[in-house]
$ cat work.cif   # mmCIF, C-alpha atoms
data_start
loop_
_atom_site.label_atom_id
_atom_site.label_comp_id
_atom_site.auth_asym_id
_atom_site.auth_seq_id
_atom_site.Cartn_x
_atom_site.Cartn_y
_atom_site.Cartn_z
CA MET R 113 23.70 25.69 -37.18
CA ARG R 114 25.79 24.24 -34.39
CA ARG R 115 24.50 20.97 -33.02
CA VAL R 116 24.24 20.75 -29.29
CA PRO R 117 25.10 17.31 -27.96
CA PRO R 118 22.37 15.67 -25.89
CA PRO R 119 22.87 15.73 -22.15
CA THR R 120 24.44 12.59 -20.75
CA PHE R 121 23.58 11.05 -17.45
CA VAL R 122 26.11 8.97 -15.61
CA ALA R 123 24.66 6.63 -13.02
CA GLU R 124 26.51 6.87 -9.76
CA PRO R 125 27.62 3.46 -8.52
CA ALA R 126 25.91 2.48 -5.28
CA GLU R 127 27.78 0.85 -2.45
CA ALA R 128 26.61 -2.75 -2.19
CA ASP R 129 26.78 -2.89 1.61
CA GLU R 130 25.30 0.49 2.43
CA PRO R 131 21.93 2.11 1.84
CA SER R 132 21.87 4.02 -1.44
CA SER R 133 23.22 7.51 -0.88
CA SER R 134 21.00 8.92 -3.66
CA PHE R 135 17.30 9.24 -2.96
CA PRO R 136 15.34 7.17 -5.52
CA SER R 137 13.54 9.44 -7.97
CA ILE R 138 10.50 7.16 -7.90
CA TRP R 139 9.54 9.00 -4.72
CA THR R 140 8.26 11.90 -6.79
CA PHE R 141 5.84 9.54 -8.55
CA ILE R 142 4.89 8.00 -5.19
CA ALA R 143 4.14 11.46 -3.74
CA ILE R 144 1.91 12.39 -6.68
CA ASP R 145 0.10 9.04 -6.63
CA CYS R 146 -0.47 9.18 -2.87
CA THR R 147 -1.81 12.72 -3.20
CA SER R 148 -4.32 11.50 -5.80
CA PHE R 149 -5.46 8.68 -3.53
CA GLY R 150 -5.70 11.10 -0.60
CA LEU R 151 -8.12 13.17 -2.68
CA PHE R 152 -10.11 10.02 -3.57
CA PHE R 153 -10.40 9.21 0.15
CA ALA R 154 -11.67 12.72 0.89
CA VAL R 155 -14.20 12.61 -1.99
CA PHE R 156 -15.49 9.22 -0.79
CA MET R 157 -15.95 10.50 2.77
CA TRP R 158 -17.52 13.75 1.49
CA GLU R 159 -20.02 11.81 -0.64
CA ARG R 160 -20.76 9.59 2.34
CA MET R 161 -21.96 12.50 4.49
CA PRO R 162 -25.47 13.00 3.01
CA GLN R 163 -26.04 9.24 2.66
CA ALA R 164 -24.23 7.78 5.67
CA ALA R 165 -26.92 5.17 6.38
CA LEU R 166 -26.75 3.85 2.79
CA PHE R 167 -22.94 3.74 2.85
CA ASP R 168 -22.88 1.93 6.22
CA ALA R 169 -25.54 -0.58 5.18
CA SER R 170 -23.67 -1.23 1.91
CA ALA R 171 -20.33 -1.61 3.70
CA LYS R 172 -21.90 -4.33 5.84
CA LEU R 173 -22.55 -6.31 2.63
CA LEU R 174 -18.78 -6.57 2.09
CA ASP R 175 -17.11 -9.65 3.51
CA VAL R 176 -14.58 -8.13 5.90
CA ARG R 177 -12.60 -11.40 5.93
CA PHE R 178 -11.50 -10.71 2.32
CA GLY R 179 -10.31 -7.24 3.25
CA LEU R 180 -8.51 -8.48 6.36
CA ALA R 181 -6.86 -11.37 4.51
CA ASN R 182 -5.74 -9.07 1.70
CA THR R 183 -4.23 -6.64 4.20
CA LEU R 184 -2.20 -9.46 5.77
CA VAL R 185 -1.21 -10.72 2.30
CA LEU R 186 0.10 -7.33 1.17
CA ILE R 187 1.91 -6.65 4.46
CA THR R 188 3.65 -10.02 4.27
CA SER R 189 4.52 -9.67 0.58
CA SER R 190 5.87 -6.18 1.26
CA TYR R 191 8.01 -7.57 4.12
CA LEU R 192 9.47 -10.25 1.83
CA VAL R 193 10.28 -7.69 -0.88
CA ALA R 194 11.96 -5.47 1.74
CA LEU R 195 14.04 -8.51 2.75
CA ALA R 196 14.96 -9.03 -0.92
CA ALA R 197 16.19 -5.41 -1.13
CA ALA R 198 18.24 -5.96 2.04
CA ALA R 199 19.71 -9.11 0.50
CA ALA R 200 20.63 -7.12 -2.63
CA ARG R 201 22.52 -4.64 -0.46
CA ARG R 202 24.44 -7.53 1.11
CA GLY R 203 25.20 -8.87 -2.36
CA ASP R 204 23.40 -12.15 -1.59
CA LEU R 205 21.95 -12.99 -5.01
CA HIS R 206 20.53 -16.35 -3.91
CA ASP R 207 18.55 -14.69 -1.11
CA VAL R 208 17.39 -11.91 -3.47
CA ARG R 209 15.86 -14.52 -5.79
CA ARG R 210 14.35 -16.53 -2.93
CA LYS R 211 12.77 -13.60 -1.06
CA LEU R 212 11.55 -11.94 -4.24
CA GLY R 213 10.00 -15.21 -5.45
CA LEU R 214 8.26 -15.65 -2.10
CA GLY R 215 7.09 -12.02 -2.18
CA ILE R 216 5.55 -12.55 -5.62
CA GLY R 217 3.98 -15.86 -4.54
CA VAL R 218 2.36 -14.34 -1.46
CA GLY R 219 1.38 -11.22 -3.41
CA ALA R 220 -0.42 -13.35 -6.00
CA ALA R 221 -2.91 -14.35 -3.30
CA PHE R 222 -4.21 -10.77 -3.34
CA ALA R 223 -5.45 -11.16 -6.93
CA LEU R 224 -7.02 -14.51 -6.12
CA LEU R 225 -8.91 -13.08 -3.14
CA LYS R 226 -9.88 -9.81 -4.83
CA LEU R 227 -11.15 -11.45 -8.01
CA THR R 228 -13.07 -14.02 -5.94
CA GLU R 229 -14.60 -11.18 -3.94
CA TYR R 230 -15.57 -9.28 -7.11
CA SER R 231 -17.08 -12.46 -8.59
CA LEU R 232 -19.16 -13.17 -5.48
CA LYS R 233 -20.44 -9.60 -5.40
CA ILE R 234 -21.37 -9.61 -9.09
CA ALA R 235 -23.00 -13.04 -8.73
CA ALA R 236 -25.09 -11.57 -5.90
CA GLY R 237 -26.20 -8.76 -8.23
CA ILE R 238 -23.93 -6.12 -6.69
CA THR R 239 -22.19 -4.01 -9.32
CA PRO R 240 -20.79 -0.46 -9.54
CA GLN R 241 -24.29 0.66 -10.56
CA THR R 242 -25.97 -0.73 -7.44
CA ASN R 243 -25.52 2.50 -5.48
CA ALA R 244 -22.99 5.27 -4.77
CA PHE R 245 -21.09 3.23 -2.20
CA PHE R 246 -20.49 0.35 -4.59
CA GLY R 247 -19.58 2.77 -7.35
CA TYR R 248 -16.77 4.01 -5.10
CA TYR R 249 -15.97 0.51 -3.84
CA PHE R 250 -15.40 -0.88 -7.34
CA GLY R 251 -13.76 2.35 -8.52
CA LEU R 252 -11.30 2.72 -5.65
CA THR R 253 -10.42 -0.96 -5.36
CA GLY R 254 -10.26 -1.18 -9.18
CA VAL R 255 -7.75 1.68 -9.44
CA HIS R 256 -5.82 0.10 -6.60
CA PHE R 257 -5.92 -3.25 -8.44
CA VAL R 258 -4.35 -1.61 -11.50
CA HIS R 259 -1.51 -0.42 -9.24
CA TYR R 260 -1.27 -3.94 -7.80
CA ALA R 261 -1.07 -5.48 -11.29
CA ALA R 262 1.63 -2.99 -12.31
CA GLY R 263 3.49 -3.82 -9.10
CA MET R 264 3.34 -7.55 -9.81
CA ILE R 265 4.73 -6.93 -13.31
CA VAL R 266 7.55 -4.83 -11.82
CA LEU R 267 8.34 -7.59 -9.29
CA ALA R 268 8.36 -10.20 -12.08
CA LEU R 269 10.77 -8.04 -14.12
CA MET R 270 12.96 -7.66 -11.04
CA LEU R 271 12.99 -11.43 -10.52
CA GLY R 272 13.82 -11.99 -14.20
CA ARG R 273 16.76 -9.58 -13.91
CA ALA R 274 17.92 -11.26 -10.68
CA ARG R 275 17.75 -14.70 -12.32
CA ARG R 276 19.82 -13.58 -15.30
CA ALA R 277 22.41 -11.85 -13.14
CA SER R 278 25.56 -13.63 -12.01
CA THR R 279 26.20 -11.14 -9.23
CA VAL R 280 24.39 -8.27 -7.50
CA ASP R 281 25.52 -5.16 -9.35
CA PRO R 282 24.55 -1.56 -8.46
CA GLY R 283 21.92 -1.56 -11.21
CA LEU R 284 20.14 -4.57 -9.73
CA THR R 285 20.34 -3.12 -6.23
CA SER R 286 18.87 0.15 -7.48
CA LEU R 287 16.08 -1.73 -9.29
CA MET R 288 15.32 -3.75 -6.15
CA ILE R 289 15.04 -0.59 -4.08
CA SER R 290 12.93 1.44 -6.55
CA GLY R 291 10.66 -1.46 -7.57
CA GLY R 292 10.29 -2.36 -3.91
CA ILE R 293 9.21 1.19 -3.05
CA PHE R 294 6.47 0.99 -5.68
CA TRP R 295 5.29 -2.35 -4.27
CA HIS R 296 5.24 -0.98 -0.73
CA MET R 297 3.06 1.90 -1.97
CA VAL R 298 0.49 -0.66 -3.17
CA ASP R 299 0.48 -2.05 0.38
CA LEU R 300 0.38 1.42 1.96
CA LEU R 301 -2.65 2.54 -0.05
CA TRP R 302 -4.55 -0.62 0.85
CA VAL R 303 -3.82 0.04 4.54
CA PHE R 304 -6.06 3.16 4.21
CA LEU R 305 -8.59 1.62 1.81
CA PHE R 306 -9.31 -1.40 4.05
CA PRO R 307 -10.59 0.49 7.12
CA MET R 308 -12.31 3.17 5.05
CA LEU R 309 -14.32 0.74 2.90
CA TYR R 310 -14.72 -2.30 5.14
CA LEU R 311 -14.50 -1.19 8.77
CA LEU R 312 -16.13 2.25 9.15
CA GLY R 313 -19.55 0.94 8.18
CA ARG R 314 -19.31 -1.82 10.78
CA VAL R 315 -18.77 0.56 13.69
CA GLN R 316 -21.96 0.73 15.75
CA MET Q 127 18.33 -4.85 9.32
CA ASN Q 128 16.38 -8.10 8.88
CA ARG Q 129 15.47 -8.09 12.57
CA ALA Q 130 14.09 -4.55 12.28
CA LEU Q 131 12.04 -5.60 9.23
CA LEU Q 132 10.70 -8.65 11.10
CA LEU Q 133 9.70 -6.43 14.02
CA ALA Q 134 7.97 -3.99 11.64
CA TRP Q 135 6.07 -6.86 9.98
CA ALA Q 136 4.98 -8.26 13.38
CA VAL Q 137 3.76 -4.83 14.54
CA LEU Q 138 1.86 -4.34 11.25
CA VAL Q 139 0.11 -7.71 11.62
CA LEU Q 140 -0.81 -7.02 15.24
CA ALA Q 141 -2.02 -3.50 14.39
CA THR Q 142 -4.17 -4.89 11.56
CA LEU Q 143 -5.84 -7.32 13.95
CA LEU Q 144 -6.20 -4.54 16.54
CA GLY Q 145 -7.88 -2.22 14.02
CA PHE Q 146 -10.24 -5.00 12.97
CA GLY Q 147 -11.08 -5.82 16.60
CA THR Q 148 -11.72 -2.15 17.35
CA ALA Q 149 -14.39 -1.98 14.63
CA GLU Q 150 -16.10 -5.04 16.06
CA PHE Q 151 -16.06 -4.25 19.75
CA MET Q 152 -15.35 -0.60 20.59
CA GLY Q 153 -18.21 1.50 21.96
CA HIS Q 154 -18.65 5.11 20.79
CA PRO Q 155 -18.59 5.27 16.97
CA LEU Q 156 -16.43 8.38 16.65
CA VAL Q 157 -13.91 7.10 19.19
CA ALA Q 158 -13.82 3.75 17.38
CA VAL Q 159 -13.33 5.36 13.96
CA GLY Q 160 -10.66 7.68 15.37
CA ALA Q 161 -8.85 4.70 16.89
CA ILE Q 162 -9.13 2.66 13.67
CA MET Q 163 -7.75 5.49 11.55
CA ILE Q 164 -4.94 6.33 13.99
CA VAL Q 165 -3.90 2.67 13.92
CA ALA Q 166 -4.04 2.77 10.08
CA GLY Q 167 -1.96 5.97 10.04
CA GLY Q 168 0.57 4.35 12.38
CA LYS Q 169 0.81 1.36 10.04
CA VAL Q 170 1.40 3.64 7.05
CA ILE Q 171 4.20 5.42 8.94
CA ILE Q 172 5.82 2.06 9.76
CA ILE Q 173 5.66 1.06 6.06
CA LEU Q 174 7.11 4.41 4.99
CA ARG Q 175 9.97 4.27 7.49
CA SER Q 176 10.81 0.57 7.72
CA PHE Q 177 10.00 -0.88 4.29
CA MET Q 178 10.35 2.22 2.09
CA GLU Q 179 13.22 3.74 4.11
CA LEU Q 180 11.80 7.24 3.91
CA GLY Q 181 13.69 8.07 7.09
CA GLU Q 182 16.88 8.26 5.03
CA GLY Q 183 15.29 10.63 2.49
CA PRO Q 184 15.27 14.43 2.21
CA ILE Q 185 13.46 16.39 4.89
CA ALA Q 186 10.99 17.78 2.32
CA PHE Q 187 9.72 14.29 1.43
CA LYS Q 188 9.61 13.24 5.08
CA ALA Q 189 7.60 16.36 5.92
CA TYR Q 190 5.31 15.90 2.92
CA PHE Q 191 4.42 12.32 3.76
CA GLY Q 192 4.03 13.20 7.43
CA VAL Q 193 1.47 15.84 6.46
CA TRP Q 194 -0.17 13.44 3.98
CA VAL Q 195 -0.70 10.73 6.62
CA VAL Q 196 -2.09 13.22 9.15
CA ALA Q 197 -4.35 14.76 6.47
CA CYS Q 198 -5.74 11.35 5.42
CA VAL Q 199 -6.38 10.20 8.99
CA GLY Q 200 -7.79 13.62 9.95
CA ALA Q 201 -10.02 14.01 6.88
CA ILE Q 202 -11.53 10.52 7.13
CA THR Q 203 -12.14 10.85 10.89
CA VAL Q 204 -13.53 14.40 10.78
CA LEU Q 205 -15.80 13.75 7.78
CA TYR Q 206 -17.08 10.61 9.51
CA GLY Q 207 -17.62 12.67 12.67
CA ILE Q 208 -19.80 15.17 10.78
CA ALA Q 209 -22.14 12.38 9.68
CA PRO Q 210 -21.56 9.37 11.97
#

$ encode --input "work.cif" --output "structure tokens"
Amino acid sequence: MRRVPPPTFVAEPAEADEPSSSFPSIWTFIAIDCTSFGLFFAVFMWERMPQAALFDASAKLLDVRFGLANTLVLITSSYLVALAAAAARRGDLHDVRRKLGLGIGVGAAFALLKLTEYSLKIAAGITPQTNAFFGYYFGLTGVHFVHYAAGMIVLALMLGRARRASTVDPGLTSLMISGGIFWHMVDLLWVFLFPMLYLLGRVQ
Amino acid sequence: MNRALLLAWAVLVLATLLGFGTAEFMGHPLVAVGAIMIVAGGKVIIILRSFMELGEGPIAFKAYFGVWVVACVGAITVLYGIAP
């Protein structure tokens, strides 16, 4: 029987000074993940309808300052990671390391705030079993936190690669762009979660 | 490039504070929720275009995410409107 050679894939070199001409394939994953979260949002709002008063009263028990601070943290971290990707395109390895390090540092504040918020809620006797709202609150923010943790690992791997590199090669640029897109998705999803969980219940 | 990113970041910060202020002070609940979600949708579009560079992607992805943002904002606002 004749053996068929496995298909080979040749990475196309990216121009260092121009945006990548090939569309990063991570977008397919991003589209699927965003679709899933879109369905979660709809299910949350659907479940809210017959128990709007309970959901609104429960939302008022959340400390909106945590949600607001975490939004600003993720937006700023995302901005720094976007700057790191721009630096990679310019071939500025020093700036890649600096901006990526700052992005990770700022991003770490999200975990600190979120875990503090979880701890305070649990200490106050509020858990996922308290009521339907808190079931969704812990569930949605928990799934988002898993994405956040994965994003932080990706950023750390990117920084490790940038530290080992002696120059910005197309592989590093591609990694900066794709990893950055994943990190921006973490930010993007929180931009919908924050108003839905923290703000809607406060509207009078 | 960096200037455009800085501008996007500044707009996102201001829009976040605007959305927060709207929840605290705006009058009619449905109008307030509509305004909050439109601001959130606008922020998501800025992230998609400025940080994620979706604008340079294929038309199918741009159309898909455009529909996704409108669907999220619309679904949350309409479902809130049914049971304010």

$ closest_atom_pairs --input "work.cif" --of "chain Q" --to "chain R" --cutoff "9 Å" --atoms "all atoms listed in the file" --output "JSON lines"
{"residue": "Q:Met127", "atom": "CA", "partner": "R:Ala198", "partner_atom": "CA", "distance": 7.4}
{"residue": "Q:Asn128", "atom": "CA", "partner": "R:Leu195", "partner_atom": "CA", "distance": 6.6}
{"residue": "Q:Leu131", "atom": "CA", "partner": "R:Tyr191", "partner_atom": "CA", "distance": 6.8}
{"residue": "Q:Leu132", "atom": "CA", "partner": "R:Tyr191", "partner_atom": "CA", "distance": 7.6}
{"residue": "Q:Ala134", "atom": "CA", "partner": "R:Tyr191", "partner_atom": "CA", "distance": 8.3}
{"residue": "Q:Trp135", "atom": "CA", "partner": "R:Tyr191", "partner_atom": "CA", "distance": 6.2}
{"residue": "Q:Leu138", "atom": "CA", "partner": "R:Ile187", "partner_atom": "CA", "distance": 7.2}
{"residue": "Q:Val139", "atom": "CA", "partner": "R:Leu184", "partner_atom": "CA", "distance": 6.5}
{"residue": "Q:Thr142", "atom": "CA", "partner": "R:Thr183", "partner_atom": "CA", "distance": 7.6}
{"residue": "Q:Leu143", "atom": "CA", "partner": "R:Leu180", "partner_atom": "CA", "distance": 8.1}
{"residue": "Q:Gly145", "atom": "CA", "partner": "R:Pro307", "partner_atom": "CA", "distance": 7.9}
{"residue": "Q:Phe146", "atom": "CA", "partner": "R:Leu311", "partner_atom": "CA", "distance": 7.1}
{"residue": "Q:Thr148", "atom": "CA", "partner": "R:Val315", "partner_atom": "CA", "distance": 8.4}
{"residue": "Q:Ala149", "atom": "CA", "partner": "R:Val315", "partner_atom": "CA", "distance": 5.1}
{"residue": "Q:Glu150", "atom": "CA", "partner": "R:Val315", "partner_atom": "CA", "distance": 6.6}
{"residue": "Q:Phe151", "atom": "CA", "partner": "R:Val315", "partner_atom": "CA", "distance": 8.2}
{"residue": "Q:Met152", "atom": "CA", "partner": "R:Val315", "partner_atom": "CA", "distance": 7.8}
{"residue": "Q:Gly153", "atom": "CA", "partner": "R:Gln316", "partner_atom": "CA", "distance": 7.3}
{"residue": "Q:His154", "atom": "CA", "partner": "R:Gln316", "partner_atom": "CA", "distance": 7.5}
{"residue": "Q:Pro155", "atom": "CA", "partner": "R:Val315", "partner_atom": "CA", "distance": 5.7}
{"residue": "Q:Leu156", "atom": "CA", "partner": "R:Val315", "partner_atom": "CA", "distance": 8.7}
{"residue": "Q:Ala158", "atom": "CA", "partner": "R:Val315", "partner_atom": "CA", "distance": 6.9}
{"residue": "Q:Val159", "atom": "CA", "partner": "R:Leu312", "partner_atom": "CA", "distance": 6.4}
{"residue": "Q:Ile162", "atom": "CA", "partner": "R:Pro307", "partner_atom": "CA", "distance": 7.1}
{"residue": "Q:Met163", "atom": "CA", "partner": "R:Pro307", "partner_atom": "CA", "distance": 7.3}
{"residue": "Q:Ala166", "atom": "CA", "partner": "R:Val303", "partner_atom": "CA", "distance": 6.2}
{"residue": "Q:Gly167", "atom": "CA", "partner": "R:Phe304", "partner_atom": "CA", "distance": 7.7}
{"residue": "Q:Lys169", "atom": "CA", "partner": "R:Val303", "partner_atom": "CA", "distance": 7.3}
{"residue": "Q:Val170", "atom": "CA", "partner": "R:Leu300", "partner_atom": "CA", "distance": 5.6}
{"residue": "Q:Ile171", "atom": "CA", "partner": "R:Leu300", "partner_atom": "CA", "distance": 8.9}
{"residue": "Q:Ile173", "atom": "CA", "partner": "R:Leu300", "partner_atom": "CA", "distance": 6.7}
{"residue": "Q:Leu174", "atom": "CA", "partner": "R:Leu300", "partner_atom": "CA", "distance": 8.0}
{"residue": "Q:Ser176", "atom": "CA", "partner": "R:Ala194", "partner_atom": "CA", "distance": 8.6}
{"residue": "Q:Phe177", "atom": "CA", "partner": "R:Ala194", "partner_atom": "CA", "distance": 5.6}
{"residue": "Q:Met178", "atom": "CA", "partner": "R:Ile293", "partner_atom": "CA", "distance": 5.4}
{"residue": "Q:Glu179", "atom": "CA", "partner": "R:Ile293", "partner_atom": "CA", "distance": 8.6}
{"residue": "Q:Glu182", "atom": "CA", "partner": "R:Phe135", "partner_atom": "CA", "distance": 8.1}
{"residue": "Q:Gly183", "atom": "CA", "partner": "R:Phe135", "partner_atom": "CA", "distance": 6.0}
{"residue": "Q:Pro184", "atom": "CA", "partner": "R:Phe135", "partner_atom": "CA", "distance": 7.6}
{"residue": "Q:Phe187", "atom": "CA", "partner": "R:Trp139", "partner_atom": "CA", "distance": 8.1}
{"residue": "Q:Tyr190", "atom": "CA", "partner": "R:Ala143", "partner_atom": "CA", "distance": 8.1}
{"residue": "Q:Phe191", "atom": "CA", "partner": "R:Ala143", "partner_atom": "CA", "distance": 7.6}
{"residue": "Q:Trp194", "atom": "CA", "partner": "R:Thr147", "partner_atom": "CA", "distance": 7.4}
{"residue": "Q:Val195", "atom": "CA", "partner": "R:Gly150", "partner_atom": "CA", "distance": 8.8}
{"residue": "Q:Ala197", "atom": "CA", "partner": "R:Gly150", "partner_atom": "CA", "distance": 8.1}
{"residue": "Q:Cys198", "atom": "CA", "partner": "R:Gly150", "partner_atom": "CA", "distance": 6.0}
{"residue": "Q:Val199", "atom": "CA", "partner": "R:Phe304", "partner_atom": "CA", "distance": 8.5}
{"residue": "Q:Ala201", "atom": "CA", "partner": "R:Ala154", "partner_atom": "CA", "distance": 6.3}
{"residue": "Q:Ile202", "atom": "CA", "partner": "R:Met157", "partner_atom": "CA", "distance": 6.2}
{"residue": "Q:Thr203", "atom": "CA", "partner": "R:Met157", "partner_atom": "CA", "distance": 9.0}
{"residue": "Q:Leu205", "atom": "CA", "partner": "R:Met157", "partner_atom": "CA", "distance": 6.0}
{"residue": "Q:Tyr206", "atom": "CA", "partner": "R:Met157", "partner_atom": "CA", "distance": 6.8}
{"residue": "Q:Ile208", "atom": "CA", "partner": "R:Met161", "partner_atom": "CA", "distance": 7.2}
{"residue": "Q:Ala209", "atom": "CA", "partner": "R:Met161", "partner_atom": "CA", "distance": 5.2}
{"residue": "Q:Pro210", "atom": "CA", "partner": "R:Ala164", "partner_atom": "CA", "distance": 7.0}

$ atom_distance --input "work.cif" --atom1 "atom CA of R:Gly251" --atom2 "atom CA of R:Glu229"
14.3 Å

$ closest_residue --input "work.cif" --among "R:Val280, R:Leu186, R:Ala261, R:Met288" --to "R:Val218" --atoms "all atoms listed in the file"
R:Leu186

$ axis_aligned_box --input "work.cif" --around "stretch 155-170 of chain Q" --padding-each-side "8 Å" --output "JSON"
{"center_x": -8.6, "center_y": 4.9, "center_z": 13.1, "size_x": 36.0, "size_y": 23.0, "size_z": 28.1}

$ resolve_selection --input "work.cif" --expression "the PyMOL selection byres ((chain R and resi 208-210) around 12)" --output "VMD selection string"
chain R and resid 192 to 207 211 to 217 267 to 280 284 to 285 287 to 289 292

$ write_last_selection --input "work.cif" --atoms "C-alpha atoms" --output "mmCIF file, in the coordinates of the input"
data_model
loop_
_atom_site.group_PDB
_atom_site.id
_atom_site.type_symbol
_atom_site.label_atom_id
_atom_site.label_comp_id
_atom_site.auth_asym_id
_atom_site.auth_seq_id
_atom_site.Cartn_x
_atom_site.Cartn_y
_atom_site.Cartn_z
ATOM 1 C CA LEU R 192 9.470 -10.250 1.830
ATOM 2 C CA VAL R 193 10.280 -7.690 -0.880
ATOM 3 C CA ALA R 194 11.960 -5.470 1.740
ATOM 4 C CA LEU R 195 14.040 -8.510 2.750
ATOM 5 C CA ALA R 196 14.960 -9.030 -0.920
ATOM 6 C CA ALA R 197 16.190 -5.410 -1.130
ATOM 7 C CA ALA R 198 18.240 -5.960 2.040
ATOM 8 C CA ALA R 199 19.710 -9.110 0.500
ATOM 9 C CA ALA R 200 20.630 -7.120 -2.630
ATOM 10 C CA ARG R 201 22.520 -4.640 -0.460
ATOM 11 C CA ARG R 202 24.440 -7.530 1.110
ATOM 12 C CA GLY R 203 25.200 -8.870 -2.360
ATOM 13 C CA ASP R 204 23.400 -12.150 -1.590
ATOM 14 C CA LEU R 205 21.950 -12.990 -5.010
ATOM 15 C CA HIS R 206 20.530 -16.350 -3.910
ATOM 16 C CA ASP R 207 18.550 -14.690 -1.110
ATOM 17 C CA LYS R 211 12.770 -13.600 -1.060
ATOM 18 C CA LEU R 212 11.550 -11.940 -4.240
ATOM 19 C CA GLY R 213 10.000 -15.210 -5.450
ATOM 20 C CA LEU R 214 8.260 -15.650 -2.100
ATOM 21 C CA GLY R 215 7.090 -12.020 -2.180
ATOM 22 C CA ILE R 216 5.550 -12.550 -5.620
ATOM 23 C CA GLY R 217 3.980 -15.860 -4.540
ATOM 24 C CA LEU R 267 8.340 -7.590 -9.290
ATOM 25 C CA ALA R 268 8.360 -10.200 -12.080
ATOM 26 C CA LEU R 269 10.770 -8.040 -14.120
ATOM 27 C CA MET R 270 12.960 -7.660 -11.040
ATOM 28 C CA LEU R 271 12.990 -11.430 -10.520
ATOM 29 C CA GLY R 272 13.820 -11.990 -14.200
ATOM 30 C CA ARG R 273 16.760 -9.580 -13.910
ATOM 31 C CA ALA R 274 17.920 -11.260 -10.680
ATOM 32 C CA ARG R 275 17.750 -14.700 -12.320
ATOM 33 C CA ARG R 276 19.820 -13.580 -15.300
ATOM 34 C CA ALA R 277 22.410 -11.850 -13.140
ATOM 35 C CA SER R 278 25.560 -13.630 -12.010
ATOM 36 C CA THR R 279 26.200 -11.140 -9.230
ATOM 37 C CA VAL R 280 24.390 -8.270 -7.500
ATOM 38 C CA LEU R 284 20.140 -4.570 -9.730
ATOM 39 C CA THR R 285 20.340 -3.120 -6.230
ATOM 40 C CA LEU R 287 16.080 -1.730 -9.290
ATOM 41 C CA MET R 288 15.320 -3.750 -6.150
ATOM 42 C CA ILE R 289 15.040 -0.590 -4.080
ATOM 43 C CA GLY R 292 10.290 -2.360 -3.910
#

$ closest_residue --input "work.cif" --among "R:Asp281, R:Phe141, R:Ser170, R:Leu225" --to "R:Pro240" --atoms "only C-alpha atoms"
R:Ser170
